[in-house]
file start.cif (mmCIF, C-alpha atoms)
data_upload
loop_
_atom_site.label_atom_id
_atom_site.label_comp_id
_atom_site.auth_asym_id
_atom_site.auth_seq_id
_atom_site.Cartn_x
_atom_site.Cartn_y
_atom_site.Cartn_z
CA MET A 1321 -232.14 -86.25 20.71
CA GLY A 1322 -234.29 -88.94 22.37
CA LYS A 1323 -233.31 -91.65 24.83
CA SER A 1324 -230.02 -92.68 23.33
CA HIS A 1325 -227.42 -95.39 23.44
CA GLU A 1326 -224.15 -94.38 25.09
CA LYS A 1327 -222.37 -94.75 21.75
CA LEU A 1328 -225.07 -93.45 19.43
CA LEU A 1329 -227.57 -90.61 19.82
CA ASN A 1330 -230.78 -90.85 17.82
CA ASN A 1331 -233.76 -88.76 16.75
CA LEU A 1332 -235.79 -91.67 15.51
CA GLU A 1333 -238.91 -91.22 17.63
CA GLU A 1334 -239.33 -87.56 16.70
CA LEU A 1335 -238.70 -88.16 13.01
CA ARG A 1336 -241.04 -91.17 12.95
CA LYS A 1337 -243.84 -89.20 14.60
CA ALA A 1338 -243.21 -86.27 12.26
CA ALA A 1339 -243.69 -88.70 9.37
CA ASN A 1340 -246.97 -89.90 10.94
CA LEU A 1341 -245.76 -93.47 11.19
CA THR A 1342 -246.32 -95.97 13.99
CA GLN A 1343 -243.52 -98.25 15.14
CA GLN A 1344 -245.32 -101.11 13.42
CA GLU A 1345 -245.55 -99.28 10.09
CA LEU A 1346 -241.90 -98.27 10.21
CA SER A 1347 -240.84 -101.80 11.14
CA GLU A 1348 -242.74 -103.30 8.19
CA SER A 1349 -241.13 -100.86 5.81
CA ALA A 1350 -237.65 -101.45 7.27
CA GLU A 1351 -238.24 -105.25 7.28
CA VAL A 1352 -237.65 -105.82 10.99
CA SER A 1353 -239.81 -106.44 14.07
CA ARG A 1354 -241.57 -103.61 15.91
CA LYS A 1355 -239.51 -104.37 19.00
CA SER A 1356 -236.33 -103.59 17.04
CA ILE A 1357 -237.62 -100.10 16.24
CA ASN A 1358 -238.64 -99.67 19.89
CA ALA A 1359 -235.20 -100.84 21.05
CA ILE A 1360 -233.46 -98.37 18.73
CA GLU A 1361 -235.69 -95.48 19.84
CA ASN A 1362 -234.98 -96.26 23.48
CA GLY A 1363 -231.23 -96.51 22.99
CA VAL A 1364 -231.16 -100.22 23.79
CA TYR A 1365 -229.92 -101.31 20.39
CA VAL A 1366 -227.54 -99.90 17.77
CA PRO A 1367 -228.81 -100.89 14.30
CA SER A 1368 -226.71 -102.30 11.50
CA THR A 1369 -225.76 -100.08 8.55
CA VAL A 1370 -228.34 -101.78 6.35
CA LEU A 1371 -231.13 -101.24 8.87
CA ALA A 1372 -230.12 -97.61 9.46
CA LEU A 1373 -230.25 -96.99 5.70
CA LYS A 1374 -233.64 -98.69 5.38
CA ILE A 1375 -235.04 -96.54 8.21
CA ALA A 1376 -233.59 -93.39 6.63
CA LYS A 1377 -235.10 -94.33 3.27
CA THR A 1378 -238.53 -94.87 4.82
CA LEU A 1379 -238.37 -91.55 6.68
CA ASP A 1380 -237.03 -89.83 3.55
CA CYS A 1381 -234.03 -88.32 5.30
CA SER A 1382 -230.32 -89.00 5.69
CA VAL A 1383 -228.87 -91.41 8.23
CA GLU A 1384 -227.01 -88.48 9.81
CA GLU A 1385 -230.31 -86.75 10.55
CA ILE A 1386 -231.45 -89.76 12.58
CA PHE A 1387 -228.21 -90.87 14.22
CA LYS A 1388 -225.31 -88.89 15.64
CA LEU A 1389 -222.18 -89.75 17.56
CA PRO A 1390 -222.22 -88.38 21.13
CA MET B 1134 -245.65 -118.35 12.38
CA THR B 1135 -246.19 -115.77 15.09
CA PHE B 1136 -244.19 -114.73 18.16
CA PHE B 1137 -246.71 -116.60 20.32
CA LYS B 1138 -246.39 -119.85 18.36
CA ARG B 1139 -242.60 -119.62 18.52
CA PHE B 1140 -242.85 -118.96 22.25
CA LEU B 1141 -245.02 -122.07 22.71
CA VAL B 1142 -242.69 -124.33 20.70
CA LEU B 1143 -239.51 -123.16 22.44
CA PHE B 1144 -241.03 -122.94 25.92
CA ILE B 1145 -242.47 -126.47 25.80
CA CYS B 1146 -239.21 -127.93 24.40
CA GLY B 1147 -237.19 -126.02 27.01
CA THR B 1148 -239.25 -126.90 30.09
CA VAL B 1149 -239.41 -130.60 29.15
CA GLN B 1150 -235.63 -130.62 28.67
CA VAL B 1151 -235.07 -128.88 32.00
CA PHE B 1152 -237.25 -131.46 33.77
CA PHE B 1153 -235.54 -134.53 32.30
CA ALA B 1154 -232.02 -133.09 32.46
CA THR B 1155 -232.45 -132.05 36.10
CA TYR B 1156 -233.76 -135.50 36.97
CA LEU B 1157 -230.89 -137.22 35.17
CA LEU B 1158 -228.24 -134.94 36.67
CA LEU B 1159 -229.54 -135.44 40.22
CA GLU B 1160 -229.64 -139.21 39.70
CA LEU B 1161 -226.06 -139.22 38.36
CA LEU B 1162 -224.79 -137.06 41.22
CA GLY B 1163 -226.30 -139.52 43.66
CA VAL B 1164 -228.87 -137.16 45.13
CA GLY B 1165 -231.56 -139.38 46.63
CA LEU B 1166 -234.88 -138.57 44.97
CA SER B 1167 -238.02 -139.87 46.63
CA TRP B 1168 -239.41 -140.99 43.26
CA HIS B 1169 -238.01 -142.52 40.07
CA LEU B 1170 -239.10 -142.76 36.46
CA MET B 1171 -240.47 -146.27 35.98
CA ASN B 1172 -240.20 -146.25 32.20
CA HIS B 1173 -236.87 -144.91 30.99
CA ASP B 1174 -238.03 -144.96 27.36
CA ILE B 1175 -239.73 -141.63 28.05
CA MET B 1176 -236.26 -140.07 28.21
CA PHE B 1177 -236.63 -139.87 24.43
CA ILE B 1178 -239.47 -137.33 24.77
CA PRO B 1179 -237.32 -134.15 24.96
CA GLY B 1180 -235.26 -135.24 21.96
CA ILE B 1181 -238.38 -135.96 19.93
CA LEU B 1182 -239.84 -132.57 20.93
CA VAL B 1183 -236.67 -130.75 19.82
CA PHE B 1184 -236.70 -132.68 16.54
CA LEU B 1185 -240.37 -131.84 15.89
CA GLY B 1186 -240.03 -128.26 17.14
CA SER B 1187 -236.98 -127.43 15.02
CA GLY B 1188 -238.62 -129.16 12.04
CA TYR B 1189 -241.76 -127.05 12.46
CA LEU B 1190 -239.74 -123.83 12.78
CA THR B 1191 -237.73 -124.68 9.67
CA LEU B 1192 -240.81 -125.62 7.63
CA SER B 1193 -242.63 -122.49 8.73
CA TYR B 1194 -239.66 -120.31 7.73
CA TYR B 1195 -239.34 -121.74 4.23
CA PHE B 1196 -242.88 -122.78 3.35
CA LEU B 1197 -245.59 -121.67 5.79
CA SER B 1198 -244.83 -118.00 6.54
CA ASP B 1199 -244.82 -114.88 4.41
CA GLU B 1200 -241.75 -112.68 4.03
CA ALA B 1201 -243.07 -109.96 6.36
CA SER B 1202 -243.51 -112.44 9.21
CA ASN B 1203 -240.04 -113.88 8.70
CA ASN B 1204 -238.53 -110.38 8.61
CA ALA B 1205 -240.08 -109.64 11.99
CA LEU B 1206 -239.37 -113.02 13.59
CA TYR B 1207 -235.76 -113.38 12.45
CA ASP B 1208 -234.41 -109.84 12.47
CA GLU B 1209 -231.01 -108.64 13.68
CA PHE B 1210 -232.24 -107.66 17.15
CA THR B 1211 -233.50 -111.22 17.73
CA ALA B 1212 -230.15 -112.52 16.45
CA LEU B 1213 -228.38 -110.34 19.02
CA ARG B 1214 -230.51 -111.84 21.81
CA TYR B 1215 -229.60 -115.30 20.53
CA TYR B 1216 -225.85 -114.50 20.45
CA LYS B 1217 -225.93 -113.09 23.98
CA LEU B 1218 -227.71 -116.17 25.33
CA ALA B 1219 -225.37 -118.50 23.45
CA THR B 1220 -222.41 -116.69 25.02
CA ALA B 1221 -223.99 -117.04 28.46
CA GLY B 1222 -224.47 -120.75 27.69
CA TYR B 1223 -220.80 -121.21 26.83
CA VAL B 1224 -219.74 -119.48 30.06
CA ILE B 1225 -222.16 -121.42 32.30
CA ASN B 1226 -221.24 -124.72 30.63
CA GLY B 1227 -217.54 -123.97 31.07
CA VAL B 1228 -217.92 -123.19 34.75
CA GLY B 1229 -220.23 -126.15 35.26
CA ILE B 1230 -217.90 -128.65 33.59
CA PHE B 1231 -215.02 -127.30 35.67
CA ILE B 1232 -217.08 -127.88 38.83
CA LEU B 1233 -218.08 -131.38 37.69
CA PHE B 1234 -214.40 -132.20 37.15
CA SER B 1235 -213.60 -130.83 40.60
CA VAL B 1236 -216.12 -132.99 42.48
CA GLN B 1237 -215.01 -136.33 41.00
CA ASP B 1238 -213.43 -139.01 43.16
CA TRP B 1239 -209.97 -139.02 41.53
CA GLN B 1240 -208.45 -141.20 44.29
CA ASN B 1241 -210.58 -144.18 43.25
CA TRP B 1242 -210.83 -143.42 39.55
CA SER B 1243 -212.31 -146.15 37.37
CA PHE B 1244 -213.95 -146.65 33.99
CA GLU B 1245 -217.31 -146.66 35.74
CA LEU B 1246 -216.65 -143.25 37.32
CA ALA B 1247 -215.34 -141.90 34.01
CA ASN B 1248 -218.47 -143.11 32.28
CA ASN B 1249 -220.60 -141.52 34.98
CA MET B 1250 -218.75 -138.20 34.63
CA ILE B 1251 -219.38 -138.13 30.88
CA TYR B 1252 -223.10 -138.63 31.53
CA GLN B 1253 -223.00 -135.86 34.16
CA ILE B 1254 -221.41 -133.43 31.69
CA ALA B 1255 -223.95 -134.37 29.01
CA ALA B 1256 -226.87 -133.94 31.43
CA PHE B 1257 -225.51 -130.60 32.62
CA ALA B 1258 -225.06 -129.26 29.08
CA TRP B 1259 -228.56 -130.51 28.27
CA LEU B 1260 -229.95 -128.70 31.33
CA ILE B 1261 -228.25 -125.42 30.36
CA PHE B 1262 -229.54 -125.75 26.78
CA GLY B 1263 -233.08 -126.25 28.10
CA MET B 1264 -232.79 -123.28 30.48
CA LEU B 1265 -231.57 -121.05 27.65
CA LEU B 1266 -234.50 -122.13 25.47
CA VAL B 1267 -236.93 -121.16 28.25
CA TRP B 1268 -235.08 -117.90 28.89
CA PHE B 1269 -235.06 -116.99 25.18
CA SER B 1270 -238.71 -117.89 24.65
CA ILE B 1271 -239.99 -115.79 27.57
CA GLY B 1272 -237.80 -112.75 26.82
CA ASP B 1273 -238.56 -112.88 23.10
CA TYR B 1274 -242.32 -113.08 23.64
CA ARG B 1275 -242.43 -110.40 26.32
CA GLU B 1276 -240.50 -108.02 24.06
CA SER B 1277 -242.81 -108.75 21.15
CA LYS B 1278 -245.77 -107.71 23.32
CA SER B 1279 -244.42 -104.69 25.15
CA GLY B 1280 -240.74 -104.18 24.29
#
call {"tool": "encode", "arguments": {"input": "start.cif", "output": "C-alpha coordinates"}}
result
Amino acid sequence: MGKSHEKLLNNLEELRKAANLTQQELSESAEVSRKSINAIENGVYVPSTVLALKIAKTLDCSVEEIFKLP
Amino acid sequence: MTFFKRFLVLFICGTVQVFFATYLLLELLGVGLSWHLMNHDIMFIPGILVFLGSGYLTLSYYFLSDEASNNALYDEFTALRYYKLATAGYVINGVGIFILFSVQDWQNWSFELANNMIYQIAAFAWLIFGMLLVWFSIGDYRESKSG
(Lines of atoms letter the chains of each structure in order from A and count residues from 1; the text may use other names and numbers.)
(Lines give C-alpha, C1' and ligand atoms only; values in the text may rest on other atoms or scores of the structure.)
Protein backbone atom coordinates (compact mmCIF):
# COMPACT_ATOMS: atom_id res chain seq x y z
CA MET A 1 0.00 0.00 0.00
CA GLY A 2 1.23 3.52 -0.86
CA LYS A 3 0.96 6.73 1.13
CA SER A 4 -2.53 6.34 2.44
CA HIS A 5 -5.32 8.27 4.10
CA GLU A 6 -5.91 7.37 7.74
CA LYS A 7 -9.32 5.95 6.82
CA LEU A 8 -8.49 4.40 3.46
CA LEU A 9 -5.40 2.56 2.23
CA ASN A 10 -4.72 2.61 -1.50
CA ASN A 11 -2.58 0.94 -4.13
CA LEU A 12 -3.36 3.43 -6.84
CA GLU A 13 0.16 4.55 -7.71
CA GLU A 14 1.47 1.01 -8.15
CA LEU A 15 -1.53 -0.12 -10.18
CA ARG A 16 -1.41 3.02 -12.35
CA LYS A 17 2.28 2.53 -13.09
CA ALA A 18 1.70 -1.16 -13.77
CA ALA A 19 -0.90 -0.10 -16.35
CA ASN A 20 1.66 2.30 -17.91
CA LEU A 21 -0.54 5.32 -17.32
CA THR A 22 0.49 8.80 -16.23
CA GLN A 23 -1.57 10.71 -13.68
CA GLN A 24 -2.78 12.93 -16.53
CA GLU A 25 -3.93 9.98 -18.64
CA LEU A 26 -5.73 8.37 -15.72
CA SER A 27 -7.38 11.67 -14.78
CA GLU A 28 -8.69 12.18 -18.33
CA SER A 29 -10.15 8.69 -18.38
CA ALA A 30 -11.70 9.11 -14.92
CA GLU A 31 -13.00 12.60 -15.84
CA VAL A 32 -11.28 14.51 -13.04
CA SER A 33 -8.23 16.77 -12.70
CA ARG A 34 -4.70 15.39 -12.44
CA LYS A 35 -4.39 16.91 -8.98
CA SER A 36 -7.31 14.75 -7.80
CA ILE A 37 -5.45 11.59 -8.83
CA ASN A 38 -2.31 12.92 -7.13
CA ALA A 39 -4.28 13.72 -3.97
CA ILE A 40 -5.76 10.22 -3.87
CA GLU A 41 -2.37 8.57 -4.42
CA ASN A 42 -0.86 10.61 -1.60
CA GLY A 43 -3.67 9.86 0.83
CA VAL A 44 -4.85 13.47 0.92
CA TYR A 45 -8.27 12.77 -0.54
CA VAL A 46 -10.82 9.95 -0.31
CA PRO A 47 -12.64 9.66 -3.66
CA SER A 48 -16.37 9.33 -4.12
CA THR A 49 -17.86 5.94 -5.06
CA VAL A 50 -18.35 7.08 -8.64
CA LEU A 51 -14.75 8.22 -9.00
CA ALA A 52 -13.41 5.03 -7.37
CA LEU A 53 -15.44 2.96 -9.86
CA LYS A 54 -14.22 5.05 -12.81
CA ILE A 55 -10.60 4.59 -11.72
CA ALA A 56 -11.13 0.85 -11.27
CA LYS A 57 -12.71 0.61 -14.72
CA THR A 58 -9.78 2.43 -16.31
CA LEU A 59 -7.24 0.22 -14.54
CA ASP A 60 -9.31 -2.87 -15.37
CA CYS A 61 -9.45 -4.11 -11.80
CA SER A 62 -11.87 -4.12 -8.88
CA VAL A 63 -12.24 -1.24 -6.44
CA GLU A 64 -11.14 -3.56 -3.64
CA GLU A 65 -7.80 -4.11 -5.38
CA ILE A 66 -7.13 -0.37 -5.29
CA PHE A 67 -8.65 0.62 -1.95
CA LYS A 68 -8.72 -1.16 1.40
CA LEU A 69 -9.87 -0.26 4.87
CA PRO A 70 -6.99 0.01 7.36
CA MET B 1 -10.85 27.86 -19.71
CA THR B 2 -7.65 26.80 -17.99
CA PHE B 3 -6.52 26.72 -14.37
CA PHE B 4 -4.38 29.79 -15.06
CA LYS B 5 -7.26 31.80 -16.53
CA ARG B 6 -9.47 30.89 -13.58
CA PHE B 7 -6.66 31.89 -11.23
CA LEU B 8 -6.36 35.29 -12.95
CA VAL B 9 -10.11 35.98 -12.84
CA LEU B 10 -10.52 35.00 -9.18
CA PHE B 11 -7.25 36.55 -7.99
CA ILE B 12 -7.98 39.93 -9.60
CA CYS B 13 -11.58 39.98 -8.30
CA GLY B 14 -10.37 38.94 -4.83
CA THR B 15 -7.51 41.41 -4.45
CA VAL B 16 -9.64 44.34 -5.68
CA GLN B 17 -12.35 43.38 -3.18
CA VAL B 18 -9.83 43.09 -0.36
CA PHE B 19 -8.47 46.56 -1.15
CA PHE B 20 -11.84 48.33 -1.25
CA ALA B 21 -13.34 46.38 1.66
CA THR B 22 -10.31 47.05 3.87
CA TYR B 23 -10.45 50.74 3.01
CA LEU B 24 -14.17 50.93 3.73
CA LEU B 25 -13.91 48.98 6.99
CA LEU B 26 -11.06 51.15 8.29
CA GLU B 27 -12.99 54.30 7.38
CA LEU B 28 -16.12 53.02 9.16
CA LEU B 29 -14.17 52.02 12.26
CA GLY B 30 -12.75 55.51 12.43
CA VAL B 31 -9.14 54.56 11.79
CA GLY B 32 -7.47 57.70 10.48
CA LEU B 33 -6.04 56.99 7.04
CA SER B 34 -3.56 59.48 5.62
CA TRP B 35 -5.31 59.37 2.23
CA HIS B 36 -8.89 59.13 0.98
CA LEU B 37 -10.58 58.08 -2.24
CA MET B 38 -11.56 61.28 -4.03
CA ASN B 39 -14.12 59.66 -6.31
CA HIS B 40 -16.41 57.27 -4.45
CA ASP B 41 -17.99 56.07 -7.70
CA ILE B 42 -15.00 53.75 -8.08
CA MET B 43 -16.41 51.71 -5.19
CA PHE B 44 -18.48 50.05 -7.93
CA ILE B 45 -15.34 48.52 -9.48
CA PRO B 46 -15.18 45.33 -7.33
CA GLY B 47 -18.87 44.64 -7.93
CA ILE B 48 -18.49 45.09 -11.67
CA LEU B 49 -15.42 42.80 -11.65
CA VAL B 50 -17.34 40.07 -9.79
CA PHE B 51 -20.25 40.44 -12.22
CA LEU B 52 -17.95 40.18 -15.26
CA GLY B 53 -15.79 37.45 -13.72
CA SER B 54 -18.71 35.21 -12.74
CA GLY B 55 -20.31 35.86 -16.14
CA TYR B 56 -17.11 34.81 -17.91
CA LEU B 57 -16.77 31.67 -15.78
CA THR B 58 -20.40 30.72 -16.45
CA LEU B 59 -20.14 31.36 -20.19
CA SER B 60 -16.91 29.41 -20.41
CA TYR B 61 -18.46 26.45 -18.57
CA TYR B 62 -21.51 26.20 -20.82
CA PHE B 63 -20.27 27.50 -24.17
CA LEU B 64 -16.52 28.09 -24.43
CA SER B 65 -14.90 24.98 -22.89
CA ASP B 66 -14.88 21.32 -23.88
CA GLU B 67 -16.10 18.59 -21.56
CA ALA B 68 -12.59 17.40 -20.66
CA SER B 69 -11.60 20.87 -19.43
CA ASN B 70 -14.77 21.22 -17.38
CA ASN B 71 -14.24 17.76 -15.85
CA ALA B 72 -10.79 18.82 -14.69
CA LEU B 73 -11.72 22.33 -13.56
CA TYR B 74 -14.90 21.43 -11.67
CA ASP B 75 -14.19 18.02 -10.19
CA GLU B 76 -15.05 16.75 -6.71
CA PHE B 77 -11.65 17.56 -5.22
CA THR B 78 -12.05 21.21 -6.24
CA ALA B 79 -15.56 21.15 -4.76
CA LEU B 80 -14.11 19.91 -1.48
CA ARG B 81 -11.65 22.83 -1.42
CA TYR B 82 -14.56 25.18 -2.04
CA TYR B 83 -16.65 23.66 0.79
CA LYS B 84 -13.74 23.88 3.24
CA LEU B 85 -13.11 27.54 2.40
CA ALA B 86 -16.83 28.35 2.60
CA THR B 87 -16.92 26.77 6.06
CA ALA B 88 -13.89 28.83 7.10
CA GLY B 89 -15.72 31.90 5.75
CA TYR B 90 -18.80 31.19 7.86
CA VAL B 91 -16.66 30.78 10.99
CA ILE B 92 -14.57 33.92 10.41
CA ASN B 93 -17.67 35.97 9.56
CA GLY B 94 -19.42 34.71 12.70
CA VAL B 95 -16.50 35.62 14.94
CA GLY B 96 -16.02 38.94 13.17
CA ILE B 97 -19.66 39.98 13.47
CA PHE B 98 -19.58 39.04 17.15
CA ILE B 99 -16.53 41.28 17.63
CA LEU B 100 -18.16 44.13 15.67
CA PHE B 101 -21.21 43.87 17.94
CA SER B 102 -18.93 43.91 20.98
CA VAL B 103 -17.09 47.12 20.06
CA GLN B 104 -20.21 49.25 19.48
CA ASP B 105 -21.04 52.19 21.72
CA TRP B 106 -24.27 50.81 23.21
CA GLN B 107 -24.45 53.57 25.87
CA ASN B 108 -25.08 56.23 23.22
CA TRP B 109 -26.92 54.08 20.70
CA SER B 110 -28.56 55.91 17.81
CA PHE B 111 -29.87 55.30 14.32
CA GLU B 112 -26.63 56.73 12.96
CA LEU B 113 -24.55 54.22 14.93
CA ALA B 114 -26.88 51.39 13.91
CA ASN B 115 -26.51 52.39 10.29
CA ASN B 116 -22.75 52.53 10.70
CA MET B 117 -22.68 49.06 12.27
CA ILE B 118 -24.62 47.59 9.35
CA TYR B 119 -22.06 49.07 6.96
CA GLN B 120 -19.23 47.67 9.11
CA ILE B 121 -20.74 44.17 8.99
CA ALA B 122 -21.23 44.43 5.22
CA ALA B 123 -17.65 45.65 4.70
CA PHE B 124 -16.28 42.89 6.93
CA ALA B 125 -18.22 40.15 5.11
CA TRP B 126 -17.05 41.65 1.82
CA LEU B 127 -13.44 41.59 3.03
CA ILE B 128 -13.68 37.93 4.09
CA PHE B 129 -15.27 37.02 0.74
CA GLY B 130 -12.40 38.74 -1.09
CA MET B 131 -9.77 37.02 1.07
CA LEU B 132 -11.35 33.63 0.42
CA LEU B 133 -11.34 34.30 -3.33
CA VAL B 134 -7.61 35.08 -3.19
CA TRP B 135 -6.94 32.07 -0.96
CA PHE B 136 -8.90 29.73 -3.26
CA SER B 137 -7.31 31.06 -6.45
CA ILE B 138 -3.72 30.67 -5.20
CA GLY B 139 -4.24 27.21 -3.67
CA ASP B 140 -6.17 25.95 -6.69
CA TYR B 141 -3.52 27.13 -9.16
CA ARG B 142 -0.57 25.87 -7.13
CA GLU B 143 -2.18 22.43 -6.86
CA SER B 144 -2.87 22.36 -10.59
CA LYS B 145 0.85 22.95 -11.23
CA SER B 146 2.48 20.75 -8.63
CA GLY B 147 -0.18 19.18 -6.39
call {"tool": "closest_atom_pairs", "arguments": {"input": "start.cif", "of": "chain B", "to": "chain A", "cutoff": "9 Å", "atoms": "only C-alpha atoms", "output": "JSON lines"}}
result
{"residue": "B:Glu1200", "atom": "CA", "partner": "A:Glu1351", "partner_atom": "CA", "distance": 8.8}
{"residue": "B:Ala1201", "atom": "CA", "partner": "A:Glu1351", "partner_atom": "CA", "distance": 6.8}
{"residue": "B:Ser1202", "atom": "CA", "partner": "A:Ser1353", "partner_atom": "CA", "distance": 8.6}
{"residue": "B:Asn1203", "atom": "CA", "partner": "A:Val1352", "partner_atom": "CA", "distance": 8.7}
{"residue": "B:Asn1204", "atom": "CA", "partner": "A:Val1352", "partner_atom": "CA", "distance": 5.2}
{"residue": "B:Ala1205", "atom": "CA", "partner": "A:Ser1353", "partner_atom": "CA", "distance": 3.8}
{"residue": "B:Leu1206", "atom": "CA", "partner": "A:Ser1353", "partner_atom": "CA", "distance": 6.6}
{"residue": "B:Tyr1207", "atom": "CA", "partner": "A:Val1352", "partner_atom": "CA", "distance": 7.9}
{"residue": "B:Asp1208", "atom": "CA", "partner": "A:Val1352", "partner_atom": "CA", "distance": 5.4}
{"residue": "B:Glu1209", "atom": "CA", "partner": "A:Val1352", "partner_atom": "CA", "distance": 7.7}
{"residue": "B:Phe1210", "atom": "CA", "partner": "A:Ser1356", "partner_atom": "CA", "distance": 5.8}
{"residue": "B:Thr1211", "atom": "CA", "partner": "A:Ser1356", "partner_atom": "CA", "distance": 8.2}
{"residue": "B:Glu1276", "atom": "CA", "partner": "A:Lys1355", "partner_atom": "CA", "distance": 6.3}
{"residue": "B:Ser1277", "atom": "CA", "partner": "A:Lys1355", "partner_atom": "CA", "distance": 5.9}
{"residue": "B:Lys1278", "atom": "CA", "partner": "A:Lys1355", "partner_atom": "CA", "distance": 8.3}
{"residue": "B:Ser1279", "atom": "CA", "partner": "A:Lys1355", "partner_atom": "CA", "distance": 7.9}
{"residue": "B:Gly1280", "atom": "CA", "partner": "A:Lys1355", "partner_atom": "CA", "distance": 5.4}
call {"tool": "closest_residue", "arguments": {"input": "start.cif", "among": "B:Cys1146, B:Leu1233, B:Ala1255, B:Leu1265", "to": "Thr1220 (chain B)", "atoms": "only C-alpha atoms"}}
result
B:Leu1265
call {"tool": "residues_around", "arguments": {"input": "start.cif", "residues": "region 1382-1390 of chain A", "least_positions_apart": "5", "cutoff": "7 Å", "atoms": "all atoms listed in the file", "output": "ChimeraX atom specification"}}
result
/A:1327-1332,1372-1373,1376
call {"tool": "write_last_selection", "arguments": {"input": "start.cif", "atoms": "C-alpha atoms", "output": "short mmCIF file (atom, residue, chain, number, x, y, z; two decimals), keeping the file's coordinate frame"}}
result
data_model
loop_
_atom_site.label_atom_id
_atom_site.label_comp_id
_atom_site.auth_asym_id
_atom_site.auth_seq_id
_atom_site.Cartn_x
_atom_site.Cartn_y
_atom_site.Cartn_z
CA LYS A 1327 -222.37 -94.75 21.75
CA LEU A 1328 -225.07 -93.45 19.43
CA LEU A 1329 -227.57 -90.61 19.82
CA ASN A 1330 -230.78 -90.85 17.82
CA ASN A 1331 -233.76 -88.76 16.75
CA LEU A 1332 -235.79 -91.67 15.51
CA ALA A 1372 -230.12 -97.61 9.46
CA LEU A 1373 -230.25 -96.99 5.70
CA ALA A 1376 -233.59 -93.39 6.63
#
call {"tool": "atom_distance", "arguments": {"input": "start.cif", "atom1": "CA of Met1134 (chain B)", "atom2": "CA of Lys1374 (chain A)"}}
result
24.1 Å
call {"tool": "residues_around", "arguments": {"input": "start.cif", "residues": "region 1137-1143 of chain B", "least_positions_apart": "5", "cutoff": "8 Å", "atoms": "only C-alpha atoms", "output": "PDB file with C-alpha atoms, in the coordinates of the input"}}
result
ATOM      1  CA  GLY B1186    -240.030-128.260  17.140  1.00  0.00           C
ATOM      2  CA  LEU B1190    -239.740-123.830  12.780  1.00  0.00           C
ATOM      3  CA  LEU B1266    -234.500-122.130  25.470  1.00  0.00           C
ATOM      4  CA  VAL B1267    -236.930-121.160  28.250  1.00  0.00           C
ATOM      5  CA  SER B1270    -238.710-117.890  24.650  1.00  0.00           C
ATOM      6  CA  ILE B1271    -239.990-115.790  27.570  1.00  0.00           C
ATOM      7  CA  ASP B1273    -238.560-112.880  23.100  1.00  0.00           C
ATOM      8  CA  TYR B1274    -242.320-113.080  23.640  1.00  0.00           C
TER       9      TYR B1274
END
call {"tool": "atom_distance", "arguments": {"input": "start.cif", "atom1": "CA of Met1264 (chain B)", "atom2": "CA of His1173 (chain B)"}}
result
22.0 Å
call {"tool": "residues_around", "arguments": {"input": "start.cif", "residues": "Val1224 (chain B)", "least_positions_apart": "6", "cutoff": "12 Å", "atoms": "all atoms listed in the file", "output": "list in words"}}
result
Lys1217, Leu1218, Ile1230, Phe1231, Ala1258 and Ile1261 of chain B
call {"tool": "write_last_selection", "arguments": {"input": "start.cif", "atoms": "C-alpha atoms", "output": "mmCIF file, in the frame of the given file"}}
result
data_model
loop_
_atom_site.group_PDB
_atom_site.id
_atom_site.type_symbol
_atom_site.label_atom_id
_atom_site.label_comp_id
_atom_site.auth_asym_id
_atom_site.auth_seq_id
_atom_site.Cartn_x
_atom_site.Cartn_y
_atom_site.Cartn_z
ATOM 1 C CA LYS B 1217 -225.930 -113.090 23.980
ATOM 2 C CA LEU B 1218 -227.710 -116.170 25.330
ATOM 3 C CA ILE B 1230 -217.900 -128.650 33.590
ATOM 4 C CA PHE B 1231 -215.020 -127.300 35.670
ATOM 5 C CA ALA B 1258 -225.060 -129.260 29.080
ATOM 6 C CA ILE B 1261 -228.250 -125.420 30.360
#
call {"tool": "atom_distance", "arguments": {"input": "start.cif", "atom1": "CA of His1325 (chain A)", "atom2": "CA of Tyr1223 (chain B)"}}
result
26.9 Å
call {"tool": "resolve_selection", "arguments": {"input": "start.cif", "expression": "the PyMOL selection byres ((chain B and resi 1162) around 12)", "output": "ChimeraX atom specification"}}
result
/B:1155-1161,1163-1166,1233,1236-1238,1246,1249-1254,1256-1257
call {"tool": "residues_around", "arguments": {"input": "start.cif", "residues": "Met1176 (chain B)", "least_positions_apart": "6", "cutoff": "10 Å", "atoms": "only C-alpha atoms", "output": "PyMOL selection string"}}
result
chain B and resi 1150+1153-1154+1157+1170
call {"tool": "build_atoms", "arguments": {"input": "start.cif", "residues": "region 1339-1352 of chain A", "atoms": "N, CA and C atoms", "output": "short mmCIF file (atom, residue, chain, number, x, y, z; two decimals), in the coordinates of the input"}}
result
data_model
loop_
_atom_site.label_atom_id
_atom_site.label_comp_id
_atom_site.auth_asym_id
_atom_site.auth_seq_id
_atom_site.Cartn_x
_atom_site.Cartn_y
_atom_site.Cartn_z
N ALA A 1339 -243.28 -88.06 10.63
CA ALA A 1339 -243.69 -88.70 9.37
C ALA A 1339 -245.04 -89.41 9.51
N ASN A 1340 -245.66 -89.26 10.68
CA ASN A 1340 -246.97 -89.90 10.94
C ASN A 1340 -246.93 -91.42 10.78
N LEU A 1341 -245.88 -92.02 11.27
CA LEU A 1341 -245.76 -93.47 11.19
C LEU A 1341 -245.78 -94.07 12.59
N THR A 1342 -246.41 -95.23 12.73
CA THR A 1342 -246.32 -95.97 13.99
C THR A 1342 -245.05 -96.82 13.95
N GLN A 1343 -244.69 -97.34 15.11
CA GLN A 1343 -243.52 -98.25 15.14
C GLN A 1343 -243.76 -99.45 14.24
N GLN A 1344 -244.99 -99.95 14.24
CA GLN A 1344 -245.32 -101.11 13.42
C GLN A 1344 -245.15 -100.81 11.94
N GLU A 1345 -245.65 -99.65 11.52
CA GLU A 1345 -245.55 -99.28 10.09
C GLU A 1345 -244.09 -99.11 9.68
N LEU A 1346 -243.32 -98.46 10.54
CA LEU A 1346 -241.90 -98.27 10.21
C LEU A 1346 -241.17 -99.61 10.16
N SER A 1347 -241.52 -100.49 11.11
CA SER A 1347 -240.84 -101.80 11.14
C SER A 1347 -241.13 -102.63 9.89
N GLU A 1348 -242.38 -102.55 9.41
CA GLU A 1348 -242.74 -103.30 8.19
C GLU A 1348 -241.99 -102.76 6.98
N SER A 1349 -241.85 -101.46 6.93
CA SER A 1349 -241.13 -100.86 5.81
C SER A 1349 -239.63 -101.16 5.88
N ALA A 1350 -239.10 -101.20 7.10
CA ALA A 1350 -237.65 -101.45 7.27
C ALA A 1350 -237.34 -102.95 7.35
N GLU A 1351 -238.38 -103.79 7.28
CA GLU A 1351 -238.24 -105.25 7.28
C GLU A 1351 -237.60 -105.81 8.54
N VAL A 1352 -238.06 -105.28 9.68
CA VAL A 1352 -237.65 -105.82 10.99
C VAL A 1352 -238.88 -105.91 11.89
#
